[in-house]
>>> print(open('coords_7.cif').read())   # mmCIF, C-alpha atoms
data_work
#
loop_
_atom_site.label_atom_id
_atom_site.label_comp_id
_atom_site.auth_asym_id
_atom_site.auth_seq_id
_atom_site.Cartn_x
_atom_site.Cartn_y
_atom_site.Cartn_z
CA MET A 242 9.88 36.70 -28.53
CA SER A 243 9.26 34.44 -31.53
CA LEU A 244 6.39 31.93 -31.45
CA PRO A 245 8.60 28.81 -31.32
CA ARG A 246 10.56 30.27 -28.43
CA PHE A 247 7.33 31.26 -26.69
CA THR A 248 5.99 27.72 -27.17
CA ALA A 249 9.21 26.33 -25.73
CA PHE A 250 8.61 28.52 -22.71
CA LEU A 251 4.92 27.65 -22.40
CA LEU A 252 5.12 23.87 -22.80
CA PRO A 253 7.17 23.17 -19.67
CA LEU A 254 4.83 25.44 -17.76
CA LEU A 255 1.76 23.59 -19.00
CA PHE A 256 3.42 20.22 -18.37
CA ALA A 257 4.41 21.19 -14.87
CA ALA A 258 0.95 22.59 -14.18
CA THR A 259 -0.88 19.48 -15.31
CA CYS A 260 1.48 17.02 -13.64
CA GLY A 261 2.36 18.96 -10.52
CA ALA A 262 -0.69 18.14 -8.48
CA ASP A 263 -0.32 14.40 -8.07
CA PRO A 264 -3.70 13.21 -6.84
CA ALA A 265 -2.04 10.15 -5.39
CA THR A 266 -0.35 12.31 -2.79
CA ALA A 267 -3.44 14.23 -1.92
CA GLN A 268 -4.97 13.38 1.43
CA ALA A 269 -8.56 12.29 1.55
CA SER A 270 -10.94 14.61 3.26
CA ALA A 271 -12.08 13.69 6.73
CA ALA A 272 -15.27 11.71 6.69
CA SER A 273 -17.10 9.51 9.10
CA GLN A 274 -17.24 5.78 8.57
CA SER A 275 -20.99 5.59 9.02
CA ASP A 276 -23.15 5.57 5.92
CA PRO A 277 -25.25 8.73 5.61
CA ALA A 278 -28.85 8.65 4.41
CA PRO A 279 -29.41 8.84 0.63
CA LEU A 280 -30.16 12.41 -0.50
CA GLY A 281 -31.82 11.44 -3.79
CA PRO A 282 -34.69 9.22 -4.90
CA PRO A 283 -34.15 5.48 -5.50
CA LEU A 284 -33.50 4.78 -9.18
CA SER A 285 -34.21 1.85 -11.47
CA GLY A 286 -34.30 0.98 -15.17
CA ALA A 287 -32.80 3.38 -17.72
CA ALA A 288 -32.38 6.18 -15.16
CA LEU A 289 -30.31 3.84 -12.99
CA ASP A 290 -28.17 2.81 -16.00
CA ARG A 291 -27.54 6.46 -16.95
CA ALA A 292 -26.70 7.56 -13.40
CA THR A 293 -24.38 4.56 -12.88
CA GLU A 294 -22.49 5.36 -16.10
CA GLU A 295 -22.23 9.02 -15.15
CA VAL A 296 -20.77 8.30 -11.71
CA ALA A 297 -18.52 5.45 -12.87
CA SER A 298 -17.11 7.62 -15.66
CA GLN A 299 -15.83 10.06 -13.03
CA MET A 300 -14.07 7.39 -10.99
CA ARG A 301 -10.56 6.13 -11.68
CA CYS A 302 -10.05 2.40 -12.18
CA PRO A 303 -7.56 1.56 -9.40
CA VAL A 304 -5.60 -0.99 -11.43
CA CYS A 305 -5.58 0.73 -14.84
CA GLN A 306 -3.63 3.56 -16.44
CA GLY A 307 -5.94 6.53 -16.90
CA LEU A 308 -9.14 4.53 -17.44
CA SER A 309 -12.39 5.24 -15.69
CA VAL A 310 -14.34 2.58 -13.82
CA ALA A 311 -17.00 2.84 -16.55
CA ASP A 312 -14.51 2.15 -19.35
CA SER A 313 -12.36 -0.51 -17.71
CA PRO A 314 -12.96 -4.23 -18.29
CA ALA A 315 -10.81 -5.13 -15.24
CA SER A 316 -12.58 -7.37 -12.74
CA SER A 317 -11.93 -4.97 -9.85
CA ALA A 318 -13.48 -2.13 -11.90
CA VAL A 319 -16.48 -4.34 -12.61
CA ASP A 320 -16.90 -4.86 -8.85
CA LEU A 321 -16.55 -1.13 -8.23
CA LYS A 322 -19.18 -0.38 -10.87
CA ALA A 323 -21.55 -2.92 -9.31
CA GLU A 324 -21.13 -1.15 -5.97
CA VAL A 325 -21.74 2.23 -7.64
CA ARG A 326 -24.94 0.82 -9.16
CA ARG A 327 -26.08 -0.55 -5.82
CA GLN A 328 -25.60 2.81 -4.10
CA VAL A 329 -27.20 4.81 -6.93
CA ALA A 330 -30.20 2.46 -6.88
CA LEU A 331 -30.66 3.22 -3.18
CA GLY A 332 -30.83 6.95 -3.94
CA TYR A 333 -27.30 8.09 -3.10
CA THR A 334 -26.32 11.13 -5.15
CA LYS A 335 -23.24 11.32 -7.39
CA GLU A 336 -21.27 13.26 -4.78
CA GLN A 337 -22.35 10.89 -2.00
CA VAL A 338 -21.26 7.84 -3.99
CA ILE A 339 -17.88 9.28 -4.96
CA ALA A 340 -17.33 10.51 -1.39
CA SER A 341 -17.98 7.00 -0.06
CA PHE A 342 -15.27 5.58 -2.33
CA GLU A 343 -12.98 8.46 -1.44
CA ARG A 344 -13.20 7.40 2.21
CA SER A 345 -11.51 4.09 1.36
CA TYR A 346 -9.40 4.92 -1.73
CA GLY A 347 -8.57 8.57 -1.11
CA GLU A 348 -8.85 11.36 -3.65
CA PHE A 349 -7.01 9.08 -6.10
CA ILE A 350 -10.39 7.53 -6.98
CA ARG A 351 -11.52 10.80 -8.57
CA LEU A 352 -10.58 10.87 -12.23
CA GLU A 353 -10.53 14.66 -12.01
CA PRO A 354 -9.09 16.13 -8.84
CA LYS A 355 -11.41 18.35 -6.82
CA ALA A 356 -11.06 22.07 -7.56
CA GLU A 357 -9.77 23.06 -4.14
CA GLY A 358 -6.48 23.93 -2.43
CA PHE A 359 -3.35 22.95 -4.34
CA ASN A 360 -5.50 21.31 -7.02
CA TRP A 361 -6.53 24.77 -8.25
CA LEU A 362 -3.13 24.84 -9.93
CA VAL A 363 -4.23 22.08 -12.28
CA TRP A 364 -7.35 24.00 -13.29
CA LEU A 365 -6.03 27.55 -13.39
CA ALA A 366 -2.41 27.29 -14.53
CA PRO A 367 -3.22 26.29 -18.14
CA ILE A 368 -5.73 29.14 -18.42
CA ALA A 369 -3.28 31.59 -16.87
CA ALA A 370 -0.54 30.37 -19.18
CA LEU A 371 -2.79 30.78 -22.24
CA VAL A 372 -3.84 34.29 -21.19
CA ALA A 373 -0.22 35.24 -20.54
CA GLY A 374 0.77 33.79 -23.92
CA ALA A 375 -2.03 35.67 -25.69
CA LEU A 376 -0.94 38.92 -24.03
CA VAL A 377 2.68 38.38 -25.03
CA ILE A 378 1.69 37.63 -28.62
CA PHE A 379 -0.69 40.62 -28.68
CA PHE A 380 1.88 43.11 -27.43
CA ARG A 381 4.60 41.69 -29.65
CA LEU A 382 2.48 41.72 -32.81
CA ARG A 383 0.77 45.10 -32.27
CA PRO A 384 3.74 47.19 -33.38
CA LEU A 385 3.98 45.09 -36.57
CA ARG A 386 0.29 45.72 -37.37
CA THR A 387 0.75 49.46 -36.92
CA GLY A 388 3.68 49.40 -39.35
CA ARG A 389 6.46 49.52 -36.80
CA SER A 390 8.89 46.79 -36.01
CA PRO A 391 9.30 45.79 -32.35
CA ALA A 392 12.79 47.28 -32.54
CA THR A 393 11.40 50.71 -33.32
CA ALA A 394 8.36 50.47 -31.10
CA GLY A 395 10.11 52.46 -28.41
CA ASN A 396 10.84 55.38 -30.76
CA ALA A 397 8.37 57.96 -29.46
CA GLY A 398 8.61 60.24 -32.48
CA GLY A 399 7.62 57.52 -34.88
CA THR A 400 10.46 58.35 -37.26
CA PRO A 401 12.03 55.15 -38.58
CA ILE A 402 15.65 54.86 -37.43
CA THR A 403 17.80 54.35 -40.48
CA ARG A 404 21.51 54.01 -40.97
CA SER A 405 21.65 57.69 -42.06
CA THR A 406 19.69 59.02 -39.11
CA ARG A 407 21.85 57.02 -36.71
CA GLU A 408 24.95 58.41 -38.35
CA ASP A 409 23.43 61.91 -38.27
CA SER A 410 22.86 61.67 -34.56
CA ARG A 411 26.52 60.91 -33.86
CA PRO A 412 28.43 63.75 -32.26
CA SER A 413 30.82 65.26 -34.76
CA MET B 262 16.56 35.40 -26.14
CA ASN B 263 15.54 38.40 -24.15
CA ARG B 264 17.13 37.97 -20.74
CA LYS B 265 14.10 39.39 -18.95
CA VAL B 266 11.78 36.86 -20.59
CA LEU B 267 14.19 34.06 -19.75
CA LEU B 268 14.40 35.21 -16.14
CA VAL B 269 10.63 35.49 -15.74
CA GLY B 270 10.20 32.07 -17.36
CA LEU B 271 12.69 30.51 -14.98
CA ILE B 272 11.04 32.15 -11.96
CA LEU B 273 7.65 30.79 -13.03
CA VAL B 274 8.81 27.30 -13.93
CA ALA B 275 11.29 26.71 -11.09
CA PRO B 276 8.71 26.17 -8.30
CA LEU B 277 6.71 23.81 -10.51
CA LEU B 278 9.85 21.86 -11.38
CA ALA B 279 10.61 21.65 -7.66
CA VAL B 280 7.16 20.11 -7.06
CA LEU B 281 7.79 17.63 -9.88
CA ALA B 282 11.23 16.78 -8.54
CA SER B 283 9.80 16.09 -5.09
CA GLY B 284 7.31 13.72 -6.73
CA LEU B 285 10.15 11.65 -8.18
CA ARG B 286 11.10 10.48 -4.71
CA HIS B 287 8.03 8.32 -4.23
CA ASP B 288 6.23 5.64 -6.20
CA PRO B 289 3.25 7.29 -7.93
CA ARG B 290 1.27 4.03 -7.67
CA GLU B 291 1.77 3.84 -3.91
CA VAL B 292 -1.25 5.54 -2.40
CA VAL B 293 -1.39 6.21 1.30
CA SER B 294 -4.57 4.66 2.70
CA PRO B 295 -6.96 7.28 4.07
CA LEU B 296 -8.09 4.64 6.57
CA ILE B 297 -4.92 4.89 8.66
CA GLY B 298 -5.82 6.14 12.14
CA ARG B 299 -9.55 5.79 11.44
CA PRO B 300 -12.03 3.12 12.58
CA ALA B 301 -11.77 0.02 10.42
CA PRO B 302 -14.69 -0.36 8.01
CA GLY B 303 -17.23 -2.77 9.42
CA PHE B 304 -17.99 -6.13 7.89
CA SER B 305 -20.10 -9.18 8.52
CA LEU B 306 -18.84 -12.08 6.41
CA ALA B 307 -19.32 -15.83 6.42
CA ASP B 308 -16.33 -18.13 6.61
CA LEU B 309 -15.91 -21.25 4.52
CA ASP B 310 -17.89 -23.24 7.11
CA GLY B 311 -20.81 -20.79 7.06
CA ARG B 312 -20.06 -19.11 10.41
CA THR B 313 -20.44 -15.32 10.40
CA LEU B 314 -17.61 -13.13 11.64
CA ARG B 315 -18.06 -9.42 12.23
CA LEU B 316 -15.48 -6.71 12.78
CA GLU B 317 -16.78 -6.29 16.32
CA ASP B 318 -15.77 -9.90 17.04
CA LEU B 319 -12.12 -8.93 16.50
CA GLN B 320 -12.01 -6.02 18.92
CA GLY B 321 -10.12 -6.35 22.19
CA GLN B 322 -7.05 -7.75 20.45
CA PRO B 323 -4.90 -6.54 17.56
CA ALA B 324 -6.11 -8.02 14.28
CA VAL B 325 -4.45 -8.88 11.00
CA VAL B 326 -6.80 -8.74 8.00
CA ASN B 327 -5.27 -10.09 4.80
CA PHE B 328 -6.91 -9.91 1.36
CA TRP B 329 -5.69 -12.69 -0.92
CA ALA B 330 -6.50 -15.16 -3.70
CA THR B 331 -5.23 -18.53 -4.88
CA TRP B 332 -4.27 -17.05 -8.28
CA CYS B 333 -1.93 -14.58 -6.59
CA GLN B 334 1.68 -15.80 -6.41
CA PRO B 335 2.88 -13.32 -3.74
CA CYS B 336 -0.09 -14.48 -1.63
CA ALA B 337 1.20 -18.05 -1.84
CA ALA B 338 4.68 -16.85 -0.92
CA GLU B 339 3.48 -15.03 2.21
CA ASN B 340 1.25 -17.88 3.37
CA PRO B 341 4.02 -19.53 5.48
CA ILE B 342 4.85 -16.13 6.99
CA PHE B 343 1.27 -15.68 8.19
CA SER B 344 1.26 -19.25 9.52
CA ALA B 345 4.45 -18.59 11.52
CA VAL B 346 3.28 -15.21 12.88
CA ALA B 347 -0.18 -16.61 13.73
CA ARG B 348 1.48 -19.43 15.74
CA ARG B 349 3.74 -16.94 17.53
CA TYR B 350 0.87 -14.62 18.52
CA ALA B 351 -1.80 -17.26 19.12
CA GLY B 352 -4.20 -16.03 21.81
CA ARG B 353 -2.80 -12.48 21.66
CA ALA B 354 -3.93 -11.38 18.18
CA ARG B 355 -6.63 -12.31 15.68
CA PHE B 356 -5.87 -13.41 12.12
CA VAL B 357 -8.40 -13.11 9.32
CA SER B 358 -8.02 -13.74 5.62
CA VAL B 359 -10.57 -12.37 3.15
CA ILE B 360 -10.93 -14.04 -0.24
CA TYR B 361 -10.55 -11.56 -3.10
CA GLN B 362 -12.15 -12.43 -6.45
CA ASP B 363 -11.76 -16.15 -6.04
CA SER B 364 -14.07 -19.11 -5.51
CA PRO B 365 -14.60 -20.82 -2.16
CA GLU B 366 -13.96 -24.16 -3.91
CA ALA B 367 -10.50 -23.05 -5.04
CA ILE B 368 -9.76 -21.76 -1.54
CA ARG B 369 -10.86 -25.03 0.07
CA ALA B 370 -8.61 -27.05 -2.23
CA TYR B 371 -5.73 -24.65 -1.56
CA GLU B 372 -6.14 -24.78 2.21
CA GLN B 373 -6.34 -28.58 2.22
CA GLN B 374 -2.86 -28.59 0.75
CA ARG B 375 -1.29 -25.69 2.63
CA GLY B 376 -3.30 -25.39 5.83
CA ARG B 377 -5.18 -22.46 7.34
CA TRP B 378 -3.73 -19.79 9.63
CA GLY B 379 -6.90 -17.84 10.46
CA SER B 380 -10.57 -17.38 9.70
CA THR B 381 -11.10 -17.48 5.93
CA LEU B 382 -13.95 -15.18 4.93
CA VAL B 383 -15.91 -15.05 1.67
CA ASP B 384 -16.43 -11.51 0.31
CA PRO B 385 -19.26 -11.51 -2.26
CA GLU B 386 -18.79 -8.86 -5.00
CA SER B 387 -15.66 -7.64 -3.16
CA ARG B 388 -17.78 -5.26 -1.11
CA THR B 389 -15.56 -5.49 1.96
CA ALA B 390 -12.44 -5.15 -0.20
CA ILE B 391 -13.93 -1.98 -1.68
CA ARG B 392 -14.67 -0.57 1.78
CA TYR B 393 -11.02 -1.20 2.69
CA GLY B 394 -9.81 0.43 -0.53
CA VAL B 395 -8.08 -2.70 -1.82
CA TYR B 396 -6.29 -2.15 -5.13
CA GLY B 397 -5.03 -5.69 -5.60
CA VAL B 398 -3.74 -8.63 -3.64
CA PRO B 399 -2.02 -9.22 -1.37
CA GLU B 400 -2.92 -6.32 0.88
CA THR B 401 -2.88 -6.54 4.65
CA PHE B 402 -4.46 -4.25 7.23
CA LEU B 403 -3.37 -4.10 10.84
CA ILE B 404 -6.16 -3.12 13.22
CA ASP B 405 -5.49 -2.31 16.85
CA ALA B 406 -7.46 -3.55 19.86
CA ARG B 407 -9.73 -0.47 19.71
CA GLY B 408 -10.64 -1.15 16.08
CA LEU B 409 -8.51 1.58 14.49
CA VAL B 410 -6.55 0.86 11.30
CA ARG B 411 -2.89 1.28 12.20
CA GLU B 412 -1.09 0.12 9.07
CA LYS B 413 -1.63 -1.09 5.54
CA VAL B 414 0.91 -3.37 3.86
CA THR B 415 0.73 -3.44 0.07
CA GLY B 416 2.36 -6.56 -1.33
CA MET B 417 4.05 -9.29 0.66
CA VAL B 418 4.44 -8.98 4.42
CA SER B 419 7.65 -9.95 6.18
CA PHE B 420 7.88 -11.99 9.38
CA ASP B 421 9.91 -9.29 11.13
CA GLY B 422 7.76 -6.40 9.92
CA LEU B 423 4.49 -8.06 10.88
CA SER B 424 5.87 -9.16 14.27
CA ARG B 425 7.17 -5.66 14.98
CA SER B 426 3.80 -4.06 14.15
CA LEU B 427 1.95 -6.55 16.34
CA GLU B 428 4.37 -5.97 19.23
CA GLU B 429 3.83 -2.22 18.94
CA MET B 430 0.07 -2.63 18.99
CA LEU B 431 0.23 -5.02 21.93
CA VAL B 432 2.44 -2.63 23.92
CA ALA B 433 0.15 0.32 23.10
CA SER B 434 -2.86 -1.74 24.12
CA ALA B 435 -1.21 -2.72 27.43
CA ILE B 436 -0.36 0.93 28.18
CA GLU B 437 -3.93 2.02 27.41
CA ASP B 438 -5.28 -0.69 29.70
CA LYS B 439 -3.13 0.62 32.58
CA LEU B 440 -4.21 4.24 32.09
#
>>> encode(input="coords_7.cif", output="structure tokens")
Amino acid sequence: MSLPRFTAFLLPLLFAATCGADPATAQASAASQSDPAPLGPPLSGAALDRATEEVASQMRCPVCQGLSVADSPASSAVDLKAEVRRQVALGYTKEQVIASFERSYGEFIRLEPKAEGFNWLVWLAPIAALVAGALVIFFRLRPLRTGRSPATAGNAGGTPITRSTREDSRPS
Amino acid sequence: MNRKVLLVGLILVAPLLAVLASGLRHDPREVVSPLIGRPAPGFSLADLDGRTLRLEDLQGQPAVVNFWATWCQPCAAENPIFSAVARRYAGRARFVSVIYQDSPEAIRAYEQQRGRWGSTLVDPESRTAIRYGVYGVPETFLIDARGLVREKVTGMVSFDGLSRSLEEMLVASAIEDKL
């Protein structure tokens, strides 16, 4: 298969793999409504700023197109970031904070879907497609590197098939 | 093209295309609330007169919790609907409106002109809106007498739809009381 044709085959696969798992349709995991105890130490100052940015950058702005809460100037994202900061300051870990928002917004709030269940498709399909593509290219190009065309690769004797040899092999 | 390659490609892509095609049937921006069927997130908010209202105060009757703002045109359009439904179900259901990213002063001026159909609560830093997973306004949550979220309406409510949901919750509540 030629490279352009292989690309034409691979692109729909990659597109389908990356778009197939719509996080909006994913159900949120079961979680209690009560607030658990913070698992980390309370933060303040620069450490609090860094942790807030880190968590907010992994959360999707609910009213934007593909922007994180950290990057969005929308007023609702500003409120979400303030709530992230409040929770981080109390000592809630990154996973605890995101899980608390997931309880009300669903998995949609995660900018990257969790690597579990159907979501594995999003993570693994591109890698699988690349490996498959590399294998196809490798096996298609190998005969060319060894001096044989793909058309003659199946000729076990290694003798190039020419017009004369084909004619010679005809029954008389 | 090699027929085998084409066949394998089709076999691999077909299920993924089927998943994509099924996704075309719904609005990608419409997210099902994970709160449905779960206890409503608690709150303790002051109304415009300074009185505190908690979620627990609503239990025992179905409750309508509406998030809104004066700058929201659909909110203005559904205001008469809430007024009519609140009159119809007075004494049988509770009606609460939560201010979303708006000032109490603007709300007061608005309500002086258009009236009030329920308790109007101030939500500092949208913390209650965040706990309810509000994306924008208007959004309305229907909470049954036991405090479970039964429905979320994104966008404008309708008189018939809201009345039907309240009737269903009232009937379910009456059946539970008899059991």
>>> closest_residue(input="coords_7.cif", among="A:Glu357, A:Glu336, A:Glu294, A:Glu348", to="chain B", atoms="all atoms listed in the file")
A:Glu348
>>> atom_distance(input="coords_7.cif", atom1="atom CA of Tyr396 of chain B", atom2="atom CA of Tyr346 of chain A")
8.4 Å
>>> closest_residue(input="coords_7.cif", among="B:Trp378, B:Phe343, B:Phe420, B:Phe402", to="Pro323 of chain B", atoms="only C-alpha atoms")
B:Phe402
>>> residues_near_point(input="coords_7.cif", point="(-29.9, 8.1, -13.9)", cutoff="12 Å", atoms="all atoms listed in the file", output="PDB file with C-alpha atoms, in the frame of the given file")
ATOM      1  CA  GLY A 281     -31.820  11.440  -3.790  1.00  0.00           C
ATOM      2  CA  PRO A 282     -34.690   9.220  -4.900  1.00  0.00           C
ATOM      3  CA  PRO A 283     -34.150   5.480  -5.500  1.00  0.00           C
ATOM      4  CA  LEU A 284     -33.500   4.780  -9.180  1.00  0.00           C
ATOM      5  CA  SER A 285     -34.210   1.850 -11.470  1.00  0.00           C
ATOM      6  CA  GLY A 286     -34.300   0.980 -15.170  1.00  0.00           C
ATOM      7  CA  ALA A 287     -32.800   3.380 -17.720  1.00  0.00           C
ATOM      8  CA  ALA A 288     -32.380   6.180 -15.160  1.00  0.00           C
ATOM      9  CA  LEU A 289     -30.310   3.840 -12.990  1.00  0.00           C
ATOM     10  CA  ASP A 290     -28.170   2.810 -16.000  1.00  0.00           C
ATOM     11  CA  ARG A 291     -27.540   6.460 -16.950  1.00  0.00           C
ATOM     12  CA  ALA A 292     -26.700   7.560 -13.400  1.00  0.00           C
ATOM     13  CA  THR A 293     -24.380   4.560 -12.880  1.00  0.00           C
ATOM     14  CA  GLU A 294     -22.490   5.360 -16.100  1.00  0.00           C
ATOM     15  CA  GLU A 295     -22.230   9.020 -15.150  1.00  0.00           C
ATOM     16  CA  VAL A 296     -20.770   8.300 -11.710  1.00  0.00           C
ATOM     17  CA  ALA A 297     -18.520   5.450 -12.870  1.00  0.00           C
ATOM     18  CA  VAL A 325     -21.740   2.230  -7.640  1.00  0.00           C
ATOM     19  CA  ARG A 326     -24.940   0.820  -9.160  1.00  0.00           C
ATOM     20  CA  GLN A 328     -25.600   2.810  -4.100  1.00  0.00           C
ATOM     21  CA  VAL A 329     -27.200   4.810  -6.930  1.00  0.00           C
ATOM     22  CA  ALA A 330     -30.200   2.460  -6.880  1.00  0.00           C
ATOM     23  CA  LEU A 331     -30.660   3.220  -3.180  1.00  0.00           C
ATOM     24  CA  GLY A 332     -30.830   6.950  -3.940  1.00  0.00           C
ATOM     25  CA  TYR A 333     -27.300   8.090  -3.100  1.00  0.00           C
ATOM     26  CA  THR A 334     -26.320  11.130  -5.150  1.00  0.00           C
ATOM     27  CA  LYS A 335     -23.240  11.320  -7.390  1.00  0.00           C
TER      28      LYS A 335
END
>>> residues_around(input="coords_7.cif", residues="Leu409 of chain B", least_positions_apart="3", cutoff="8 Å", atoms="all atoms listed in the file", output="list in words")
Ile297, Gly298, Arg299, Pro300, Ala301, Ile404, Asp405 and Ala406 of chain B
>>> interface_residues(input="coords_7.cif", of="chain B", to="chain A", cutoff="6 Å", atoms="only C-alpha atoms", output="list in words")
Val274, Leu277, Leu281, Val292, Pro295, Glu386, Arg392, Tyr393, Gly394 and Tyr396 of chain B
>>> atom_distance(input="coords_7.cif", atom1="atom CA of Ala433 of chain B", atom2="atom CA of Gly416 of chain B")
25.5 Å
>>> atom_distance(input="coords_7.cif", atom1="atom CA of Trp329 of chain B", atom2="atom CA of Glu400 of chain B")
7.2 Å
>>> residues_near_point(input="coords_7.cif", point="(-20.3, -8.2, 13.4)", cutoff="8 Å", atoms="only C-alpha atoms", output="list of chain:residue names")
B:Gly303, B:Phe304, B:Ser305, B:Thr313, B:Leu314, B:Arg315, B:Leu316, B:Glu317, B:Asp318
>>> residues_around(input="coords_7.cif", residues="segment 370-376 of chain B", least_positions_apart="2", cutoff="10 Å", atoms="only C-alpha atoms", output="ChimeraX atom specification")
/B:330-331,337,340-341,344,365-368,378-379,381
>>> axis_aligned_box(input="coords_7.cif", around="segment 379-383 of chain B", padding_each_side="4 Å", output="JSON")
{"center_x": -11.4, "center_y": -16.4, "center_z": 6.1, "size_x": 17.0, "size_y": 10.8, "size_z": 16.8}
>>> resolve_selection(input="coords_7.cif", expression="the PyMOL selection byres ((chain B and resi 346) around 10)", output="count of residues only")
19
>>> closest_residue(input="coords_7.cif", among="B:Arg355, B:Arg312, B:Lys439, B:Arg411", to="Leu296 of chain B", atoms="only C-alpha atoms")
B:Arg411
